[in-house]
Amino acid sequence: MTPADLSLALYDLVLALVERRRAEGEEVVFELTAAEVVLERPKNREHGDWASNLAMRVAKPLSRSPRDLATELAAGLTGVDGVASAEVAGPGFINIRLEAAAAGALAKTIVEAGPDYGRSDSLSGSVINLEFVSANPTGPLHIGHSRWAALGDSISRVLRAAGAEVANEYYINDAGSQMDAFGASVLAAAKGEPTPEGGYPGSYISDLAASVLEREPKLLELADDVALHTAKEIAYELQFAEIRESLARFNVHFDVWTSERRMHSTGDDGLSDVDTAVERLRAQGHVFELDDAVWVRTTDFGDDKDRVVRRSNGVYTYFAADAALYLDKGDRGFKHKIYLLGADHHGYVHRLKALAGAAGDDPERDIEVQIGQLVSINGAKLSKRAGNIIELDDLQAWLGTDPLRYTLGRYPADSPLTIDPEILQRRTNDNPVFYVQYAHARTCAVDRNAASVGLDRSSFAPELLTHETESALLGALQEFPRVVAQSAELREPHRVARYIEELAGLYHRWYDNCRVLPLGEEPIGEMHRTRLWLNDATGQVLHNGLALLGVSAPERM
């Protein structure tokens, strides 16, 4: 019996009470849905497998005391297949204990579900655009981008596991003054000149300049404006290709790559997406002109000041491109938009929410803006190529993709994070990623050893799984779908990491106490086969959890 089955059984009992009261002529206002019936694991396992406060939640509309209602529900539960006992505690809690066979049956359910175990439809119908990283293509990705790369990708994975339709989007800031400064820096390096004021330093610029000259040997013979444009375009192509390769190595994937330039390019009607966006906001009644500039009255939606979209010189601001992109996302069918921004982007929260309001959306419902805090790594060296940053590629080469991704995904985004590389490089239990991956590898080793002695899963007797470590392990395995759904709802994949660490600990304790393989000349029996199911169920959940964090599940370590 799964927690979902038990929740539904409880809901049906309450619903039957409601219908009986209504049949007796009473008006009963009851709006609780089955999905809102939540079970909890008791802190003390002696109290049972599950606990529910449902009686206290619905006692008032049913005009009953919580404890009396809990007593009636507990009595009803004892008639449900798979429930061994149900007892009332405190003011109206119900402690529920499952029969061993009902609890153990989950092992087979998990193995048969495979990669789908943990998935749900809790966010079914949600169509979400998730924008993250969106680094300027003027240099390599660095430690500041690494956190949102890992978290953004993992948030996308848990959202999809909860049934949402998600598109990961990378907004390429490839227009404006920073691109001009980038091109000028590359051209200066190609000429052997110093970095221009406001330009980009670092040996990576010299490397790009050498690659540009290799691609266009006559660069320095071109007219200045043509040379600048050529250097900028080739360097942009090369640098952005490096960014995409870095992300792919980091196991981060995007569905949409949107160019800022595209927002400014004009169509057959002579208008750009930015032009059209401003006019759409004007039609909504939120655009005004002042001092020869064009403004959006974002203060109507909680912003601290109104925002300029076109300066008095006719040049659009970044906010104008933001508006065009926001409207474009809506036109592509994304009702809900999530933005993951760096620690230095607090000022964007109000303006993006105000933009949603000006576009006719609900700023509290249709847009989320999350700010990630800074991350640092003890002992990390600044990039030799970039000079003043720690490159993502260097971090991957130094620490490894799995340890880095796991650690970045293991903590809430809104807390500053300092990573200890010494711990990440250890193959010991105090290294969380090693601890979890080793548990998965151990389940695979059990499988290999089982095959070598002819032990298989040809039979299954879940009623045999009665050892206290088996009860604890099965209880944790039951929790996985809830953890995934909650991680998706709250956009907090670190909950998955903490869960699989706990699961790994429970597995190791079970492994130490309950043999799967027969000992010596002992014949293979039902217990061995049944425990192999539990072993494989645990391995599957560890694998599924690691996959949600973008981390591999090695079979050998």
# chains A, B, ... in the order shown; residues from 1 in each chain; ligands from 1
call {"tool": "select_by_dssp", "arguments": {"residues": "segment 58-197 of chain A", "states": "alpha helix (DSSP H)", "output": "JSON, numbers by chain"}}
result
{"A": [58, 66, 67, 68, 69, 70, 71, 72, 73, 74, 75, 76, 77, 100, 101, 102, 103, 104, 105, 106, 107, 108, 109, 110, 111, 112, 113, 143, 144, 145, 146, 147, 148, 149, 150, 151, 152, 153, 154, 155, 156, 157, 158, 159, 160, 161, 177, 178, 179, 180, 181, 182, 183, 184, 185, 186, 187, 188, 189, 190, 191]}
call {"tool": "residues_around", "arguments": {"residues": "Ala102 of chain A", "least_positions_apart": "3", "cutoff": "6 Å", "atoms": "only C-alpha atoms", "output": "list in words"}}
result
Met1, Gly82, Glu99 and Ala105 of chain A
call {"tool": "write_last_selection", "arguments": {"atoms": "C-alpha atoms", "output": "PDB file, in the first residue's frame"}}
result
ATOM      1  CA  MET A   1       0.000   0.000   0.000  1.00  0.00           C
ATOM      2  CA  GLY A  82      -3.314  -3.632   4.244  1.00  0.00           C
ATOM      3  CA  GLU A  99       0.565  -4.992   7.596  1.00  0.00           C
ATOM      4  CA  ALA A 105       4.671  -4.794  -1.564  1.00  0.00           C
TER       5      ALA A 105
END
call {"tool": "residues_around", "arguments": {"residues": "Asn388 of chain A", "least_positions_apart": "5", "cutoff": "12 Å", "atoms": "only C-alpha atoms", "output": "ChimeraX atom specification"}}
result
/A:139-140,142-143,200-204,380-383
call {"tool": "closest_residue", "arguments": {"among": "A:Ile243, A:Ala89, A:Ala354, A:Ile96", "to": "Arg41 of chain A", "atoms": "only C-alpha atoms"}}
result
A:Ile96
call {"tool": "residues_around", "arguments": {"residues": "Arg448 of chain A", "least_positions_apart": "3", "cutoff": "12 Å", "atoms": "only C-alpha atoms", "output": "list in words"}}
result
Ala441, Arg442, Thr443, Cys444, Ala445, Ala451, Ser452, Val453, Gly454, Leu455, Asp456, Val516, Leu517, Leu532, Asn535, Asp536, Glu555 and Arg556 of chain A
call {"tool": "residues_around", "arguments": {"residues": "Thr2 of chain A", "least_positions_apart": "6", "cutoff": "8 Å", "atoms": "only C-alpha atoms", "output": "MDAnalysis selection string"}}
result
chainID A and resid 103 106 478
call {"tool": "write_last_selection", "arguments": {"atoms": "N, CA, C and O atoms", "output": "short mmCIF file (atom, residue, chain, number, x, y, z; two decimals), in the first residue's frame"}}
result
data_model
loop_
_atom_site.label_atom_id
_atom_site.label_comp_id
_atom_site.auth_asym_id
_atom_site.auth_seq_id
_atom_site.Cartn_x
_atom_site.Cartn_y
_atom_site.Cartn_z
N ALA A 103 3.11 -3.17 3.39
CA ALA A 103 4.26 -2.27 3.36
C ALA A 103 5.34 -2.79 2.42
O ALA A 103 5.90 -2.05 1.61
N LEU A 106 5.58 -2.55 -1.68
CA LEU A 106 6.12 -1.38 -2.37
C LEU A 106 7.41 -1.70 -3.12
O LEU A 106 7.68 -1.12 -4.18
N GLN A 478 8.72 4.87 0.50
CA GLN A 478 7.37 5.37 0.27
C GLN A 478 7.34 6.89 0.15
O GLN A 478 6.46 7.45 -0.50
#
call {"tool": "closest_residue", "arguments": {"among": "A:Leu352, A:Val551, A:Ala472, A:Leu464", "to": "Phe434 of chain A", "atoms": "only C-alpha atoms"}}
result
A:Val551
call {"tool": "decode", "arguments": {"residues": "segment 368-506 of chain A", "atoms": "C-alpha atoms", "output": "PDB file, in the first residue's frame"}}
result
ATOM      1  CA  GLU A 368       8.452  34.019 -10.131  1.00  0.00           C
ATOM      2  CA  VAL A 369      11.818  35.665  -9.658  1.00  0.00           C
ATOM      3  CA  GLN A 370      14.351  33.821  -7.516  1.00  0.00           C
ATOM      4  CA  ILE A 371      17.650  35.309  -6.406  1.00  0.00           C
ATOM      5  CA  GLY A 372      20.575  32.969  -5.795  1.00  0.00           C
ATOM      6  CA  GLN A 373      23.219  33.851  -3.236  1.00  0.00           C
ATOM      7  CA  LEU A 374      26.954  33.803  -3.774  1.00  0.00           C
ATOM      8  CA  VAL A 375      29.017  30.644  -3.873  1.00  0.00           C
ATOM      9  CA  SER A 376      32.732  30.363  -3.107  1.00  0.00           C
ATOM     10  CA  ILE A 377      35.222  27.524  -3.016  1.00  0.00           C
ATOM     11  CA  ASN A 378      38.089  27.392  -0.562  1.00  0.00           C
ATOM     12  CA  GLY A 379      41.430  27.257  -2.295  1.00  0.00           C
ATOM     13  CA  ALA A 380      40.092  27.783  -5.811  1.00  0.00           C
ATOM     14  CA  LYS A 381      42.486  29.654  -8.077  1.00  0.00           C
ATOM     15  CA  LEU A 382      41.507  32.500 -10.352  1.00  0.00           C
ATOM     16  CA  SER A 383      41.418  31.627 -14.019  1.00  0.00           C
ATOM     17  CA  LYS A 384      44.712  32.045 -15.813  1.00  0.00           C
ATOM     18  CA  ARG A 385      42.777  32.871 -18.965  1.00  0.00           C
ATOM     19  CA  ALA A 386      40.281  35.354 -17.525  1.00  0.00           C
ATOM     20  CA  GLY A 387      42.409  36.664 -14.683  1.00  0.00           C
ATOM     21  CA  ASN A 388      39.709  37.782 -12.273  1.00  0.00           C
ATOM     22  CA  ILE A 389      37.237  34.877 -12.182  1.00  0.00           C
ATOM     23  CA  ILE A 390      37.092  31.177 -11.314  1.00  0.00           C
ATOM     24  CA  GLU A 391      36.011  29.374 -14.474  1.00  0.00           C
ATOM     25  CA  LEU A 392      33.399  26.648 -14.489  1.00  0.00           C
ATOM     26  CA  ASP A 393      35.582  24.513 -16.732  1.00  0.00           C
ATOM     27  CA  ASP A 394      38.445  24.743 -14.224  1.00  0.00           C
ATOM     28  CA  LEU A 395      36.127  23.754 -11.376  1.00  0.00           C
ATOM     29  CA  GLN A 396      34.879  20.728 -13.302  1.00  0.00           C
ATOM     30  CA  ALA A 397      38.413  19.611 -14.124  1.00  0.00           C
ATOM     31  CA  TRP A 398      39.452  20.062 -10.500  1.00  0.00           C
ATOM     32  CA  LEU A 399      36.472  18.685  -8.556  1.00  0.00           C
ATOM     33  CA  GLY A 400      34.519  16.659 -11.110  1.00  0.00           C
ATOM     34  CA  THR A 401      31.068  17.284 -12.520  1.00  0.00           C
ATOM     35  CA  ASP A 402      29.180  14.958 -10.149  1.00  0.00           C
ATOM     36  CA  PRO A 403      30.589  16.313  -6.860  1.00  0.00           C
ATOM     37  CA  LEU A 404      30.200  19.900  -8.044  1.00  0.00           C
ATOM     38  CA  ARG A 405      26.644  19.502  -9.308  1.00  0.00           C
ATOM     39  CA  TYR A 406      25.553  17.530  -6.261  1.00  0.00           C
ATOM     40  CA  THR A 407      26.979  20.065  -3.831  1.00  0.00           C
ATOM     41  CA  LEU A 408      25.511  23.042  -5.664  1.00  0.00           C
ATOM     42  CA  GLY A 409      22.122  21.333  -5.690  1.00  0.00           C
ATOM     43  CA  ARG A 410      22.294  20.268  -2.043  1.00  0.00           C
ATOM     44  CA  TYR A 411      21.636  23.689  -0.516  1.00  0.00           C
ATOM     45  CA  PRO A 412      18.816  26.249  -0.832  1.00  0.00           C
ATOM     46  CA  ALA A 413      19.563  28.912  -3.429  1.00  0.00           C
ATOM     47  CA  ASP A 414      18.904  31.751  -1.000  1.00  0.00           C
ATOM     48  CA  SER A 415      21.760  30.812   1.350  1.00  0.00           C
ATOM     49  CA  PRO A 416      25.421  31.723   0.728  1.00  0.00           C
ATOM     50  CA  LEU A 417      27.516  28.636   0.053  1.00  0.00           C
ATOM     51  CA  THR A 418      31.175  27.871   0.639  1.00  0.00           C
ATOM     52  CA  ILE A 419      32.374  24.581  -0.799  1.00  0.00           C
ATOM     53  CA  ASP A 420      35.196  22.621   0.816  1.00  0.00           C
ATOM     54  CA  PRO A 421      37.116  20.907  -2.011  1.00  0.00           C
ATOM     55  CA  GLU A 422      38.941  18.598   0.391  1.00  0.00           C
ATOM     56  CA  ILE A 423      35.644  16.985   1.377  1.00  0.00           C
ATOM     57  CA  LEU A 424      34.470  16.661  -2.221  1.00  0.00           C
ATOM     58  CA  GLN A 425      37.634  14.828  -3.200  1.00  0.00           C
ATOM     59  CA  ARG A 426      37.406  12.272  -0.412  1.00  0.00           C
ATOM     60  CA  ARG A 427      36.071   8.781  -0.989  1.00  0.00           C
ATOM     61  CA  THR A 428      34.646   8.618   2.513  1.00  0.00           C
ATOM     62  CA  ASN A 429      31.223   8.816   4.119  1.00  0.00           C
ATOM     63  CA  ASP A 430      31.621  12.483   5.065  1.00  0.00           C
ATOM     64  CA  ASN A 431      31.494  13.317   1.352  1.00  0.00           C
ATOM     65  CA  PRO A 432      27.721  13.364   0.671  1.00  0.00           C
ATOM     66  CA  VAL A 433      27.899  12.600  -3.048  1.00  0.00           C
ATOM     67  CA  PHE A 434      30.261   9.686  -2.481  1.00  0.00           C
ATOM     68  CA  TYR A 435      28.025   8.398   0.313  1.00  0.00           C
ATOM     69  CA  VAL A 436      24.962   8.315  -1.960  1.00  0.00           C
ATOM     70  CA  GLN A 437      26.744   7.058  -5.063  1.00  0.00           C
ATOM     71  CA  TYR A 438      28.458   4.343  -3.036  1.00  0.00           C
ATOM     72  CA  ALA A 439      25.071   3.180  -1.747  1.00  0.00           C
ATOM     73  CA  HIS A 440      23.843   2.856  -5.338  1.00  0.00           C
ATOM     74  CA  ALA A 441      27.014   1.049  -6.381  1.00  0.00           C
ATOM     75  CA  ARG A 442      26.552  -1.300  -3.437  1.00  0.00           C
ATOM     76  CA  THR A 443      23.032  -2.239  -4.624  1.00  0.00           C
ATOM     77  CA  CYS A 444      24.556  -3.047  -8.020  1.00  0.00           C
ATOM     78  CA  ALA A 445      27.278  -5.147  -6.400  1.00  0.00           C
ATOM     79  CA  VAL A 446      24.584  -7.125  -4.587  1.00  0.00           C
ATOM     80  CA  ASP A 447      22.910  -7.749  -7.962  1.00  0.00           C
ATOM     81  CA  ARG A 448      26.143  -8.985  -9.507  1.00  0.00           C
ATOM     82  CA  ASN A 449      26.868 -11.272  -6.577  1.00  0.00           C
ATOM     83  CA  ALA A 450      23.295 -12.560  -6.591  1.00  0.00           C
ATOM     84  CA  ALA A 451      23.558 -13.457 -10.258  1.00  0.00           C
ATOM     85  CA  SER A 452      26.810 -15.311  -9.606  1.00  0.00           C
ATOM     86  CA  VAL A 453      25.069 -17.674  -7.147  1.00  0.00           C
ATOM     87  CA  GLY A 454      21.840 -18.050  -9.119  1.00  0.00           C
ATOM     88  CA  LEU A 455      19.735 -15.763  -6.918  1.00  0.00           C
ATOM     89  CA  ASP A 456      17.004 -13.935  -8.832  1.00  0.00           C
ATOM     90  CA  ARG A 457      13.645 -12.201  -8.294  1.00  0.00           C
ATOM     91  CA  SER A 458      11.540 -15.157  -9.431  1.00  0.00           C
ATOM     92  CA  SER A 459       9.370 -14.957  -6.319  1.00  0.00           C
ATOM     93  CA  PHE A 460       8.297 -12.294  -3.845  1.00  0.00           C
ATOM     94  CA  ALA A 461       6.962 -12.678  -0.297  1.00  0.00           C
ATOM     95  CA  PRO A 462       6.625  -9.135   1.108  1.00  0.00           C
ATOM     96  CA  GLU A 463       5.225 -10.384   4.408  1.00  0.00           C
ATOM     97  CA  LEU A 464       8.761 -11.568   5.242  1.00  0.00           C
ATOM     98  CA  LEU A 465      10.165  -8.010   5.329  1.00  0.00           C
ATOM     99  CA  THR A 466       9.667  -7.508   9.066  1.00  0.00           C
ATOM    100  CA  HIS A 467      13.116  -6.555  10.365  1.00  0.00           C
ATOM    101  CA  GLU A 468      13.166  -3.081  11.881  1.00  0.00           C
ATOM    102  CA  THR A 469      15.705  -1.907   9.311  1.00  0.00           C
ATOM    103  CA  GLU A 470      13.439  -3.190   6.542  1.00  0.00           C
ATOM    104  CA  SER A 471      10.467  -1.304   7.946  1.00  0.00           C
ATOM    105  CA  ALA A 472      12.528   1.868   8.133  1.00  0.00           C
ATOM    106  CA  LEU A 473      13.863   1.421   4.596  1.00  0.00           C
ATOM    107  CA  LEU A 474      10.409   0.735   3.155  1.00  0.00           C
ATOM    108  CA  GLY A 475       9.033   3.746   4.976  1.00  0.00           C
ATOM    109  CA  ALA A 476      11.635   5.989   3.386  1.00  0.00           C
ATOM    110  CA  LEU A 477      11.055   4.508  -0.063  1.00  0.00           C
ATOM    111  CA  GLN A 478       7.370   5.368   0.266  1.00  0.00           C
ATOM    112  CA  GLU A 479       8.307   8.998   0.830  1.00  0.00           C
ATOM    113  CA  PHE A 480      10.100   9.553  -2.480  1.00  0.00           C
ATOM    114  CA  PRO A 481       7.079  10.623  -4.597  1.00  0.00           C
ATOM    115  CA  ARG A 482       6.055  13.128  -1.933  1.00  0.00           C
ATOM    116  CA  VAL A 483       9.587  14.532  -1.698  1.00  0.00           C
ATOM    117  CA  VAL A 484       9.782  14.989  -5.470  1.00  0.00           C
ATOM    118  CA  ALA A 485       6.364  16.642  -5.647  1.00  0.00           C
ATOM    119  CA  GLN A 486       7.243  18.980  -2.780  1.00  0.00           C
ATOM    120  CA  SER A 487      10.611  19.816  -4.349  1.00  0.00           C
ATOM    121  CA  ALA A 488       8.809  20.772  -7.549  1.00  0.00           C
ATOM    122  CA  GLU A 489       6.116  22.786  -5.795  1.00  0.00           C
ATOM    123  CA  LEU A 490       8.675  24.759  -3.759  1.00  0.00           C
ATOM    124  CA  ARG A 491      11.388  24.838  -6.488  1.00  0.00           C
ATOM    125  CA  GLU A 492      13.808  23.278  -3.982  1.00  0.00           C
ATOM    126  CA  PRO A 493      15.731  20.320  -5.423  1.00  0.00           C
ATOM    127  CA  HIS A 494      17.954  20.263  -2.355  1.00  0.00           C
ATOM    128  CA  ARG A 495      15.131  18.321  -0.689  1.00  0.00           C
ATOM    129  CA  VAL A 496      15.851  15.437  -3.058  1.00  0.00           C
ATOM    130  CA  ALA A 497      19.545  15.495  -2.118  1.00  0.00           C
ATOM    131  CA  ARG A 498      18.835  15.404   1.602  1.00  0.00           C
ATOM    132  CA  TYR A 499      16.298  12.623   1.067  1.00  0.00           C
ATOM    133  CA  ILE A 500      18.632  10.312  -0.849  1.00  0.00           C
ATOM    134  CA  GLU A 501      21.337  10.863   1.761  1.00  0.00           C
ATOM    135  CA  GLU A 502      18.926   9.660   4.420  1.00  0.00           C
ATOM    136  CA  LEU A 503      17.882   6.766   2.182  1.00  0.00           C
ATOM    137  CA  ALA A 504      21.532   5.795   1.640  1.00  0.00           C
ATOM    138  CA  GLY A 505      22.049   5.679   5.408  1.00  0.00           C
ATOM    139  CA  LEU A 506      18.996   3.482   5.909  1.00  0.00           C
TER     140      LEU A 506
END
